[in-house]
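**Student:** I'd like to ask you about the structure that follows.
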Amino acid sequence: MKFDVIIIGGGHAGSRVACGLQDSGLKCAVITSGRSIHGSTLAQFEKKGGMVLADDEITNTCIQDSKLVSVKTEKLGDVVLEAANFVIATGKFFSKGLVSDMKKVWEPIFGLDVEYSEDRTTWYTDNFADHQPFLDFGVKVDETSKPSIEGKTVNNLYAVGELLAGVSCAEKDDLAAVDATADKVIDIIKAQ
Amino acid sequence: MQEINISEHNFEQCQKCGICNDVCPMLAANPAYPGPKQAGPDGERYRLKDKEFYDYALKYCLNCKRCEVACPSGVKVPDIIQSAREKYNTHKSVKLRDMMLASTDLMGTMVRPVAPIANTVLGWGITKSVLDGVMAIDHRRTFPKYSGEGFEKWFKKKAAASQASFKHQISYFHGCYVNYNYPQLGKDFVTVMNALGYGVNLLDGEKCCGVAMVSAGMFDKARKNAENNIKVISEAKGDKVLTTSTSCTLMMRDEYKEVLGMDNSSVRDSIVLALKFIYELVDQKKVKLVFKKDYKARAAYHVPCHMEKLGWSIFTRELLGMIPGLELILLDSNCCGISGTFGFKKENYEISQKIGKPLFDQIEAVNPDFVACECETCKWQIEMSTKSKVKNPISILAEALDLEATAEANK
């Protein structure tokens, strides 16, 4: 199954990118674990012809020559989902966009390069209400919002939203920073 | 995720966000139901301590799976609820009415020989009043019609002999509905598959998938049927067993394991909704679909709850999207309220119609030529509650395809 853009993650940032790109005439699909927090945005996206793969997860990724060619999902089984561009918007720890153990933090779908401190004692502060440094952890991207795997950029994959290092709205309840990352990628893909 | 959990159904993954309550059609319509969060993971914590905490309101769960689809943490909320109904419910006796409604194959076998009489009699006001009074089956409900000649009988008489001549072979799990109520869907399926160059084989003695039995609390009977079906599916001809019912498919693929605790791993991946199978053939350019030039229709697509759970509505939308003359309008994601046998019960009629109202209103407003929907019980509910007829996407394909040209293209 071929799309122009596949968006992995249907939260605020993912839904925003999906709606923005679908509006400009691109055929988009959103793969998301739940569906309802941003259910109404995704419902609008579906009405405009977008495809939502709700309650699904990526089981297989195919990267060739620094390009993400296709992904497979648990529910669709052997069906190969191809796209010219991919956007990852899986958020931070709560939505399992980032996973950690006692020593490291990683991005579980592609193993994207993540920015975090190796000294675990600096991950958090004792006062719960203070800024928690682990909320600044996230995927590293270049100036065109492309993440990398072991230092190698994936040329048609973009990362947006809270998944990014330094982008967090949990403490400030301010989505402007998240929106900005999404809008930037919408413009980049539309310009292609 | 399951491997690091101690309990079943991803119970430990619940983060208490409550999004499941937000999407529950029952909670919105019926204050007696505590909602999926309380009935599922929250209640389970108490039940694990003491079974006395079992709440009989769990019977209101429609098992529509909307909470599970919405859950961002992968908690199988409805499976927790259905399993609790078996584990903790001490009132095991099943009402005669529930047993009759759930025994779709037994009822079908009994009624079919006298189908014309039964259909007429079941349509009479007096019969409905008697059923309402004696059996507590609501008198406002329209009964599904029984078919005089079952699908299996038709297949053996009219289709079986020619099937071996096709290049490829697959098997078909028709389910009770196709066999007893609506053989036309099975006939349409055979027509479409034959045009694609696939011969259809029936299983060697399929039984009701058991979905209605689970909802009636007849878990042991459901397990017996599951055991039979796993066996006959494992012996099926061809590498896939295709289906036309979303609920049967979900039951056999997921609930045999999750709710009935059966090992279906050897057959799970071979059980596939025909729409997905056909889409994959087209996508891989293994078959060609040639449509009639003059086909024209405006359809509204209602995604049944169990199709939402399977996550395969994408295939229906893509396949129907290939039909040049078909305008397909996607309806809002809503439950129709029937939930198999739930809506037939007198005490549930009002709730059932209340749940379905947003869907009925939208269908009336869209006023399509027909509604496209894969689920047989949604069909009963929508046809009873709106002016629209409902067609399974397989039947829409059978209508829209230029069958001769398609057969020629796939020789």
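Residue numbers start at 1 in each chain; chains themselves are named A, B, ... in the order of the structure tokens; ligands are numbered from 1 in the order shown.
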Near chain A, meaning an atom within 9 Å, which residues of chain B appear when counting only C-alpha atoms? Write them as a PyMOL selection string.
**Tutor:** chain B and resi 19-20+22-23+68-74+269+276+280+283+308-314+317+329-333
**Student:** When you look at segment 112-127 of chain A with a cut-off of 6 Å (counting only C-alpha atoms), what residues show up, excluding the ones that are within fewer than 6 positions of it in the same chain? I need them as a list in words.
**Tutor:**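 The residues that qualify are Pro133, Phe134, Phe137, Gly138, Val139, Lys140, Ser148 and Ile149 of chain A.
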**Student:** Can you write just those residues out, N, CA and C atoms, as a PDB file, in the first residue's frame?
**Tutor:**
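Result saved to result_31.pdb:
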ATOM      1  N   PRO A 133      15.002  17.346  34.425  1.00  0.00           N
ATOM      2  CA  PRO A 133      15.855  17.324  33.228  1.00  0.00           C
ATOM      3  C   PRO A 133      15.516  16.202  32.221  1.00  0.00           C
ATOM      4  N   PHE A 134      14.961  15.091  32.692  1.00  0.00           N
ATOM      5  CA  PHE A 134      14.692  13.996  31.738  1.00  0.00           C
ATOM      6  C   PHE A 134      13.650  14.397  30.692  1.00  0.00           C
ATOM      7  N   PHE A 137      15.204  15.284  27.427  1.00  0.00           N
ATOM      8  CA  PHE A 137      15.796  14.239  26.592  1.00  0.00           C
ATOM      9  C   PHE A 137      14.941  14.060  25.334  1.00  0.00           C
ATOM     10  N   GLY A 138      15.569  13.575  24.298  1.00  0.00           N
ATOM     11  CA  GLY A 138      14.785  13.312  23.092  1.00  0.00           C
ATOM     12  C   GLY A 138      15.678  13.057  21.901  1.00  0.00           C
ATOM     13  N   VAL A 139      15.015  12.885  20.756  1.00  0.00           N
ATOM     14  CA  VAL A 139      15.722  12.567  19.521  1.00  0.00           C
ATOM     15  C   VAL A 139      16.432  13.806  18.981  1.00  0.00           C
ATOM     16  N   LYS A 140      17.666  13.585  18.505  1.00  0.00           N
ATOM     17  CA  LYS A 140      18.439  14.685  17.909  1.00  0.00           C
ATOM     18  C   LYS A 140      18.041  14.832  16.453  1.00  0.00           C
ATOM     19  N   SER A 148      18.800  10.838  13.015  1.00  0.00           N
ATOM     20  CA  SER A 148      19.849   9.967  12.497  1.00  0.00           C
ATOM     21  C   SER A 148      19.880   8.659  13.285  1.00  0.00           C
ATOM     22  N   ILE A 149      20.485   7.658  12.643  1.00  0.00           N
ATOM     23  CA  ILE A 149      20.698   6.379  13.318  1.00  0.00           C
ATOM     24  C   ILE A 149      22.203   6.137  13.318  1.00  0.00           C
TER      25      ILE A 149
END
**Student:** List as an MDAnalysis selection string the protein and nucleic acid residues near segment 174-177 of chain B, meaning an atom at most 10 Å away when only C-alpha atoms are counted, but skip any in the same chain fewer than 5 places from it.
**Tutor:** chainID B and resid 103:109 144 146:147 150:152 182:183 185:186 189 202:203 206:209 241:245 247:249 375:377
**Student:** Take the residues just selected and output them with N, CA and C atoms as a CSV table (one decimal), in the first residue's frame.
**Tutor:**
chain,number,residue,atom,x,y,z
B,103,SER,N,-27.4,-19.6,20.6
B,103,SER,CA,-27.2,-20.8,19.8
B,103,SER,C,-27.7,-20.6,18.4
B,104,THR,N,-26.9,-19.8,17.7
B,104,THR,CA,-27.3,-19.4,16.3
B,104,THR,C,-27.4,-20.6,15.4
B,105,ASP,N,-26.5,-21.5,15.5
B,105,ASP,CA,-26.5,-22.7,14.6
B,105,ASP,C,-27.6,-23.7,14.9
B,106,LEU,N,-27.9,-23.9,16.2
B,106,LEU,CA,-28.9,-24.8,16.6
B,106,LEU,C,-30.3,-24.2,16.2
B,107,MET,N,-30.5,-22.9,16.4
B,107,MET,CA,-31.7,-22.3,16.1
B,107,MET,C,-31.9,-22.3,14.5
B,108,GLY,N,-30.8,-22.0,13.8
B,108,GLY,CA,-30.9,-22.1,12.4
B,108,GLY,C,-31.3,-23.4,11.9
B,109,THR,N,-30.7,-24.5,12.4
B,109,THR,CA,-31.0,-25.8,12.0
B,109,THR,C,-32.4,-26.2,12.2
B,144,PRO,N,-34.4,-11.2,12.2
B,144,PRO,CA,-33.7,-11.5,10.9
B,144,PRO,C,-34.5,-12.7,10.2
B,146,TYR,N,-35.1,-16.1,8.2
B,146,TYR,CA,-34.3,-17.3,7.9
B,146,TYR,C,-34.5,-17.7,6.5
B,147,SER,N,-33.4,-18.3,6.0
B,147,SER,CA,-33.5,-18.7,4.6
B,147,SER,C,-33.9,-20.2,4.4
B,150,GLY,N,-30.2,-23.3,2.9
B,150,GLY,CA,-29.0,-22.8,3.6
B,150,GLY,C,-27.9,-22.6,2.5
B,151,PHE,N,-26.9,-21.9,2.9
B,151,PHE,CA,-25.7,-21.6,2.0
B,151,PHE,C,-25.0,-22.9,1.7
B,152,GLU,N,-24.8,-23.8,2.7
B,152,GLU,CA,-24.0,-25.0,2.5
B,152,GLU,C,-24.7,-25.9,1.5
B,182,TYR,N,-28.7,-15.3,5.4
B,182,TYR,CA,-28.5,-14.5,4.2
B,182,TYR,C,-27.5,-15.2,3.3
B,183,PRO,N,-27.9,-16.3,2.7
B,183,PRO,CA,-26.9,-17.1,1.8
B,183,PRO,C,-26.4,-16.2,0.6
B,185,LEU,N,-24.9,-13.5,0.6
B,185,LEU,CA,-23.6,-12.9,0.8
B,185,LEU,C,-22.6,-14.0,0.4
B,186,GLY,N,-22.8,-15.3,0.8
B,186,GLY,CA,-21.9,-16.4,0.5
B,186,GLY,C,-21.9,-16.6,-1.0
B,189,PHE,N,-19.8,-14.0,-2.5
B,189,PHE,CA,-18.4,-14.3,-2.2
B,189,PHE,C,-17.8,-15.3,-3.2
B,202,LEU,N,-15.5,-25.4,1.3
B,202,LEU,CA,-16.0,-25.2,2.6
B,202,LEU,C,-15.2,-26.1,3.6
B,203,LEU,N,-15.3,-25.7,4.9
B,203,LEU,CA,-14.5,-26.5,5.9
B,203,LEU,C,-15.3,-27.8,6.2
B,206,GLU,N,-17.7,-26.8,9.9
B,206,GLU,CA,-17.5,-25.6,10.8
B,206,GLU,C,-18.7,-25.5,11.7
B,207,LYS,N,-18.4,-24.9,12.9
B,207,LYS,CA,-19.5,-24.6,13.9
B,207,LYS,C,-19.5,-23.1,14.2
B,208,CYS,N,-20.6,-22.7,14.8
B,208,CYS,CA,-20.7,-21.2,15.2
B,208,CYS,C,-19.4,-20.8,15.9
B,209,CYS,N,-18.9,-19.6,15.5
B,209,CYS,CA,-17.6,-19.2,16.1
B,209,CYS,C,-17.7,-19.1,17.6
B,241,VAL,N,-8.1,-19.2,5.2
B,241,VAL,CA,-9.5,-19.5,5.4
B,241,VAL,C,-10.1,-18.1,5.4
B,242,LEU,N,-10.9,-17.8,4.4
B,242,LEU,CA,-11.5,-16.4,4.3
B,242,LEU,C,-12.8,-16.4,5.0
B,243,THR,N,-13.1,-15.2,5.4
B,243,THR,CA,-14.4,-14.9,6.1
B,243,THR,C,-15.1,-13.7,5.5
B,244,THR,N,-16.4,-13.6,5.8
B,244,THR,CA,-17.1,-12.4,5.5
B,244,THR,C,-17.7,-11.7,6.7
B,245,SER,N,-17.5,-12.3,7.9
B,245,SER,CA,-18.1,-11.7,9.1
B,245,SER,C,-16.9,-11.2,9.9
B,247,SER,N,-17.1,-10.1,13.1
B,247,SER,CA,-17.1,-10.7,14.5
B,247,SER,C,-16.6,-12.1,14.6
B,248,CYS,N,-17.0,-12.9,13.6
B,248,CYS,CA,-16.5,-14.3,13.6
B,248,CYS,C,-14.9,-14.2,13.5
B,249,THR,N,-14.5,-13.3,12.6
B,249,THR,CA,-13.0,-13.3,12.4
B,249,THR,C,-12.3,-12.8,13.7
B,375,CYS,N,-20.7,-6.0,8.9
B,375,CYS,CA,-21.2,-6.8,10.1
B,375,CYS,C,-22.7,-7.1,9.9
B,376,GLU,N,-23.1,-8.4,10.1
B,376,GLU,CA,-24.5,-8.8,9.9
B,376,GLU,C,-25.4,-8.2,10.9
B,377,THR,N,-25.0,-8.1,12.2
B,377,THR,CA,-25.9,-7.6,13.2
B,377,THR,C,-26.1,-6.1,13.1
**Student:** What does the distance between atom CA of Lys357 of chain B and atom CA of Leu328 of chain B come to in Å, to one decimal place?
**Tutor:**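 Computing the Euclidean distance for atom CA of Lys357 of chain B and atom CA of Leu328 of chain B yields 21.2 Å.
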**Student:** Apply DSSP to the backbone of this structure and, from segment 11-190 of chain A, keep only the residues in helix (DSSP H, G or I); write these as a VMD selection string.
**Tutor:** chain A and resid 12 to 23 39 to 47 120 to 122 133 to 136 161 to 163 176 to 190
**Student:** Please produce an output containing C-alpha atoms for each residue in the selection, written as a compact mmCIF listing (two decimals), in the first residue's frame.
**Tutor:**
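out39.txt, written as the output of this step:
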# COMPACT_ATOMS: atom_id res chain seq x y z
CA HIS A 12 -1.07 16.39 18.93
CA ALA A 13 1.99 16.81 16.71
CA GLY A 14 1.28 13.78 14.50
CA SER A 15 -2.37 14.77 13.95
CA ARG A 16 -1.32 18.32 13.10
CA VAL A 17 1.19 17.15 10.48
CA ALA A 18 -1.33 14.63 9.08
CA CYS A 19 -4.12 17.22 8.70
CA GLY A 20 -1.73 19.82 7.28
CA LEU A 21 -0.37 17.50 4.62
CA GLN A 22 -3.69 15.85 3.76
CA ASP A 23 -5.13 19.34 3.22
CA GLY A 39 -9.67 11.40 18.18
CA SER A 40 -11.62 14.36 16.82
CA THR A 41 -8.62 15.70 14.88
CA LEU A 42 -7.97 12.25 13.47
CA ALA A 43 -11.66 11.83 12.63
CA GLN A 44 -11.49 15.02 10.55
CA PHE A 45 -8.34 13.70 8.90
CA GLU A 46 -10.16 10.45 8.02
CA LYS A 47 -13.10 12.36 6.55
CA ARG A 120 21.64 9.01 35.80
CA THR A 121 21.78 11.18 38.93
CA THR A 122 21.31 14.23 36.72
CA PRO A 133 15.86 17.32 33.23
CA PHE A 134 14.69 14.00 31.74
CA LEU A 135 11.88 15.89 30.04
CA ASP A 136 14.51 17.57 27.87
CA GLY A 161 6.80 17.12 18.59
CA GLU A 162 7.82 16.17 22.09
CA LEU A 163 9.94 13.31 20.81
CA ALA A 176 3.50 26.45 20.69
CA ALA A 177 6.92 24.76 20.64
CA VAL A 178 5.35 21.47 19.55
CA ASP A 179 3.27 23.18 16.87
CA ALA A 180 6.37 24.91 15.53
CA THR A 181 8.18 21.59 14.97
CA ALA A 182 5.12 20.17 13.19
CA ASP A 183 4.60 23.24 10.99
CA LYS A 184 8.25 23.25 9.97
CA VAL A 185 8.02 19.68 8.67
CA ILE A 186 4.70 20.36 6.92
CA ASP A 187 6.43 23.19 5.03
CA ILE A 188 9.49 21.07 4.19
CA ILE A 189 7.41 18.20 2.79
CA LYS A 190 5.01 20.51 0.94
**Student:** I need the strand (DSSP E) residues of chain A per DSSP on the backbone, written as a PyMOL selection string.
**Tutor:** chain A and resi 2-8+28-31+51-53+58-64+67-73+81-88+99-100+105-106+114-115+138-139+148-149+152-153+157-159
**Student:** I need the residues from that last selection saved to file as a short mmCIF file (atom, residue, chain, number, x, y, z; two decimals), in the first residue's frame (with N, CA and C atoms), if you can.
**Tutor:**
data_model
loop_
_atom_site.label_atom_id
_atom_site.label_comp_id
_atom_site.auth_asym_id
_atom_site.auth_seq_id
_atom_site.Cartn_x
_atom_site.Cartn_y
_atom_site.Cartn_z
N LYS A 2 0.61 2.15 -0.94
CA LYS A 2 1.52 3.30 -1.09
C LYS A 2 0.87 4.60 -0.62
N PHE A 3 1.66 5.38 0.08
CA PHE A 3 1.20 6.69 0.53
C PHE A 3 2.25 7.74 0.15
N ASP A 4 1.84 9.01 0.20
CA ASP A 4 2.83 10.07 0.06
C ASP A 4 3.60 10.21 1.38
N VAL A 5 2.83 10.24 2.46
CA VAL A 5 3.46 10.41 3.78
C VAL A 5 2.82 9.45 4.79
N ILE A 6 3.65 8.78 5.57
CA ILE A 6 3.15 7.99 6.69
C ILE A 6 3.62 8.66 7.97
N ILE A 7 2.67 8.93 8.86
CA ILE A 7 2.99 9.59 10.13
C ILE A 7 2.89 8.55 11.24
N ILE A 8 3.95 8.37 11.97
CA ILE A 8 3.95 7.39 13.06
C ILE A 8 3.72 8.15 14.36
N CYS A 28 -2.09 10.58 2.99
CA CYS A 28 -1.38 10.32 4.26
C CYS A 28 -2.02 9.18 5.05
N ALA A 29 -1.20 8.52 5.86
CA ALA A 29 -1.70 7.53 6.82
C ALA A 29 -1.07 7.83 8.17
N VAL A 30 -1.85 7.61 9.23
CA VAL A 30 -1.34 7.78 10.59
C VAL A 30 -1.38 6.42 11.28
N ILE A 31 -0.25 6.03 11.84
CA ILE A 31 -0.20 4.79 12.62
C ILE A 31 -0.09 5.21 14.08
N MET A 51 -5.99 7.91 6.11
CA MET A 51 -6.17 6.58 6.70
C MET A 51 -5.57 6.57 8.11
N VAL A 52 -6.33 6.07 9.07
CA VAL A 52 -5.82 5.96 10.44
C VAL A 52 -5.68 4.49 10.80
N LEU A 53 -4.50 4.07 11.15
CA LEU A 53 -4.31 2.72 11.66
C LEU A 53 -4.23 2.84 13.16
N ILE A 58 4.31 -0.54 14.92
CA ILE A 58 5.26 -0.92 13.89
C ILE A 58 5.99 -2.20 14.32
N THR A 59 6.01 -3.17 13.41
CA THR A 59 6.71 -4.41 13.74
C THR A 59 7.98 -4.58 12.91
N ASN A 60 8.06 -3.83 11.80
CA ASN A 60 9.18 -4.03 10.89
C ASN A 60 9.46 -2.74 10.13
N THR A 61 10.75 -2.40 9.97
CA THR A 61 11.10 -1.21 9.18
C THR A 61 12.15 -1.61 8.15
N CYS A 62 12.10 -1.01 6.98
CA CYS A 62 13.06 -1.34 5.93
C CYS A 62 13.78 -0.07 5.49
N ILE A 63 15.06 0.04 5.83
CA ILE A 63 15.85 1.21 5.45
C ILE A 63 16.89 0.77 4.43
N GLN A 64 16.89 1.44 3.27
CA GLN A 64 17.89 1.13 2.23
C GLN A 64 18.52 2.42 1.74
N LYS A 67 17.51 5.63 3.25
CA LYS A 67 16.13 6.00 2.99
C LYS A 67 15.21 4.99 3.64
N LEU A 68 14.18 5.48 4.32
CA LEU A 68 13.19 4.57 4.88
C LEU A 68 12.22 4.21 3.76
N VAL A 69 12.21 2.93 3.40
CA VAL A 69 11.41 2.50 2.25
C VAL A 69 9.99 2.14 2.67
N SER A 70 9.89 1.33 3.74
CA SER A 70 8.56 0.85 4.12
C SER A 70 8.54 0.42 5.57
N VAL A 71 7.33 0.28 6.09
CA VAL A 71 7.14 -0.27 7.44
C VAL A 71 6.03 -1.32 7.38
N LYS A 72 6.01 -2.19 8.36
CA LYS A 72 4.89 -3.12 8.52
C LYS A 72 4.32 -2.93 9.92
N THR A 73 3.04 -3.28 10.09
CA THR A 73 2.43 -3.14 11.41
C THR A 73 1.87 -4.47 11.88
N LEU A 81 3.72 -1.14 3.92
CA LEU A 81 3.27 0.26 3.82
C LEU A 81 4.44 1.11 3.35
N GLU A 82 4.33 1.60 2.11
CA GLU A 82 5.41 2.39 1.55
C GLU A 82 5.00 3.86 1.51
N ALA A 83 6.01 4.74 1.58
CA ALA A 83 5.73 6.18 1.45
C ALA A 83 6.98 6.89 0.98
N ALA A 84 6.76 8.06 0.36
CA ALA A 84 7.90 8.87 -0.08
C ALA A 84 8.56 9.51 1.14
N ASN A 85 7.73 9.93 2.10
CA ASN A 85 8.26 10.53 3.34
C ASN A 85 7.59 9.92 4.55
N PHE A 86 8.34 9.89 5.63
CA PHE A 86 7.80 9.41 6.90
C PHE A 86 8.01 10.48 7.97
N VAL A 87 7.08 10.57 8.90
CA VAL A 87 7.23 11.50 10.01
C VAL A 87 7.05 10.70 11.30
N ILE A 88 7.96 10.85 12.24
CA ILE A 88 7.77 10.18 13.52
C ILE A 88 7.41 11.21 14.58
N VAL A 99 12.10 5.19 25.58
CA VAL A 99 12.08 4.15 26.61
C VAL A 99 13.41 4.23 27.34
N SER A 100 13.40 3.91 28.62
CA SER A 100 14.67 3.95 29.35
C SER A 100 14.81 2.76 30.28
N VAL A 105 18.72 5.75 27.54
CA VAL A 105 17.42 6.14 26.99
C VAL A 105 17.48 5.87 25.50
N TRP A 106 16.43 5.24 24.96
CA TRP A 106 16.46 4.98 23.52
C TRP A 106 15.09 5.17 22.88
N VAL A 114 19.57 9.55 20.34
CA VAL A 114 18.85 10.29 21.40
C VAL A 114 19.84 11.10 22.23
N GLU A 115 19.42 12.30 22.58
CA GLU A 115 20.25 13.15 23.42
C GLU A 115 19.83 12.96 24.87
N GLY A 138 15.57 13.58 24.30
CA GLY A 138 14.79 13.31 23.09
C GLY A 138 15.68 13.06 21.90
N VAL A 139 15.02 12.88 20.76
CA VAL A 139 15.72 12.57 19.52
C VAL A 139 16.43 13.81 18.98
N SER A 148 18.80 10.84 13.02
CA SER A 148 19.85 9.97 12.50
C SER A 148 19.88 8.66 13.28
N ILE A 149 20.49 7.66 12.64
CA ILE A 149 20.70 6.38 13.32
C ILE A 149 22.20 6.14 13.32
N LYS A 152 24.08 8.44 11.12
CA LYS A 152 23.72 8.53 9.70
C LYS A 152 22.29 9.04 9.54
N THR A 153 22.15 10.11 8.80
CA THR A 153 20.83 10.70 8.61
C THR A 153 19.95 9.80 7.73
N LEU A 157 13.01 10.75 6.54
CA LEU A 157 12.32 10.61 7.84
C LEU A 157 12.48 11.91 8.61
N TYR A 158 11.37 12.41 9.15
CA TYR A 158 11.38 13.65 9.93
C TYR A 158 10.83 13.35 11.31
N ALA A 159 11.38 14.03 12.31
CA ALA A 159 10.88 13.85 13.68
C ALA A 159 10.28 15.17 14.16
#
**Student:** Could you state the separation of atom CA of Lys345 of chain B and atom CA of Asp138 of chain B in Å, given to one decimal place?
**Tutor:** 5.7 Å
**Student:** How far is it from atom CA of Gly340 of chain B to atom CA of Val211 of chain B, in Å with one decimal?
**Tutor:**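 Interatomic distance here is 8.4 Å.
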**Student:** Please identify all polymer residues within 10 Å of Tyr88 of chain B, counting only C-alpha atoms, omitting same-chain residues fewer than 2 positions from it, and present them as a count of residues only.
**Tutor:** 16
**Student:** Compile the contact shell of segment 294-304 of chain B as a PyMOL selection string: residues with an atom at most 6 Å away, counting only C-alpha atoms, same-chain residues fewer than 2 positions apart removed.
**Tutor:** chain B and resi 292+306-307+325-331+368-373+400
**Student:** Write the residues of the preceding selection, restricted to C-alpha atoms, as a PDB file, in the first residue's frame.
**Tutor:**
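Result went into again_33.pdb, see below:
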ATOM      1  CA  LYS B 292     -18.692  -2.249 -14.990  1.00  0.00           C
ATOM      2  CA  HIS B 306     -15.096  -5.246  15.478  1.00  0.00           C
ATOM      3  CA  MET B 307     -13.702  -3.982  12.171  1.00  0.00           C
ATOM      4  CA  GLY B 325     -18.776   4.938 -10.138  1.00  0.00           C
ATOM      5  CA  LEU B 326     -18.953   4.627  -6.361  1.00  0.00           C
ATOM      6  CA  GLU B 327     -18.999   7.637  -4.068  1.00  0.00           C
ATOM      7  CA  LEU B 328     -18.091   6.436  -0.574  1.00  0.00           C
ATOM      8  CA  ILE B 329     -18.898   8.637   2.416  1.00  0.00           C
ATOM      9  CA  LEU B 330     -17.199   7.659   5.669  1.00  0.00           C
ATOM     10  CA  LEU B 331     -19.639   7.836   8.586  1.00  0.00           C
ATOM     11  CA  PRO B 368     -27.181   7.311   0.726  1.00  0.00           C
ATOM     12  CA  ASP B 369     -28.297   4.743  -1.860  1.00  0.00           C
ATOM     13  CA  PHE B 370     -27.191   2.153   0.672  1.00  0.00           C
ATOM     14  CA  VAL B 371     -24.905   1.683   3.662  1.00  0.00           C
ATOM     15  CA  ALA B 372     -21.733  -0.364   3.242  1.00  0.00           C
ATOM     16  CA  CYS B 373     -20.943  -2.453   6.337  1.00  0.00           C
ATOM     17  CA  ALA B 400     -19.817  -3.521  -9.455  1.00  0.00           C
TER      18      ALA B 400
END
**Student:** Determine, counting only C-alpha atoms, which protein, DNA and RNA residues have an atom within 9 Å of an atom of Asp188 of chain B; residues of the same chain fewer than 2 positions away are not included. Present the result as a ChimeraX atom specification.
**Tutor:** /B:183-186,190-193,394-399
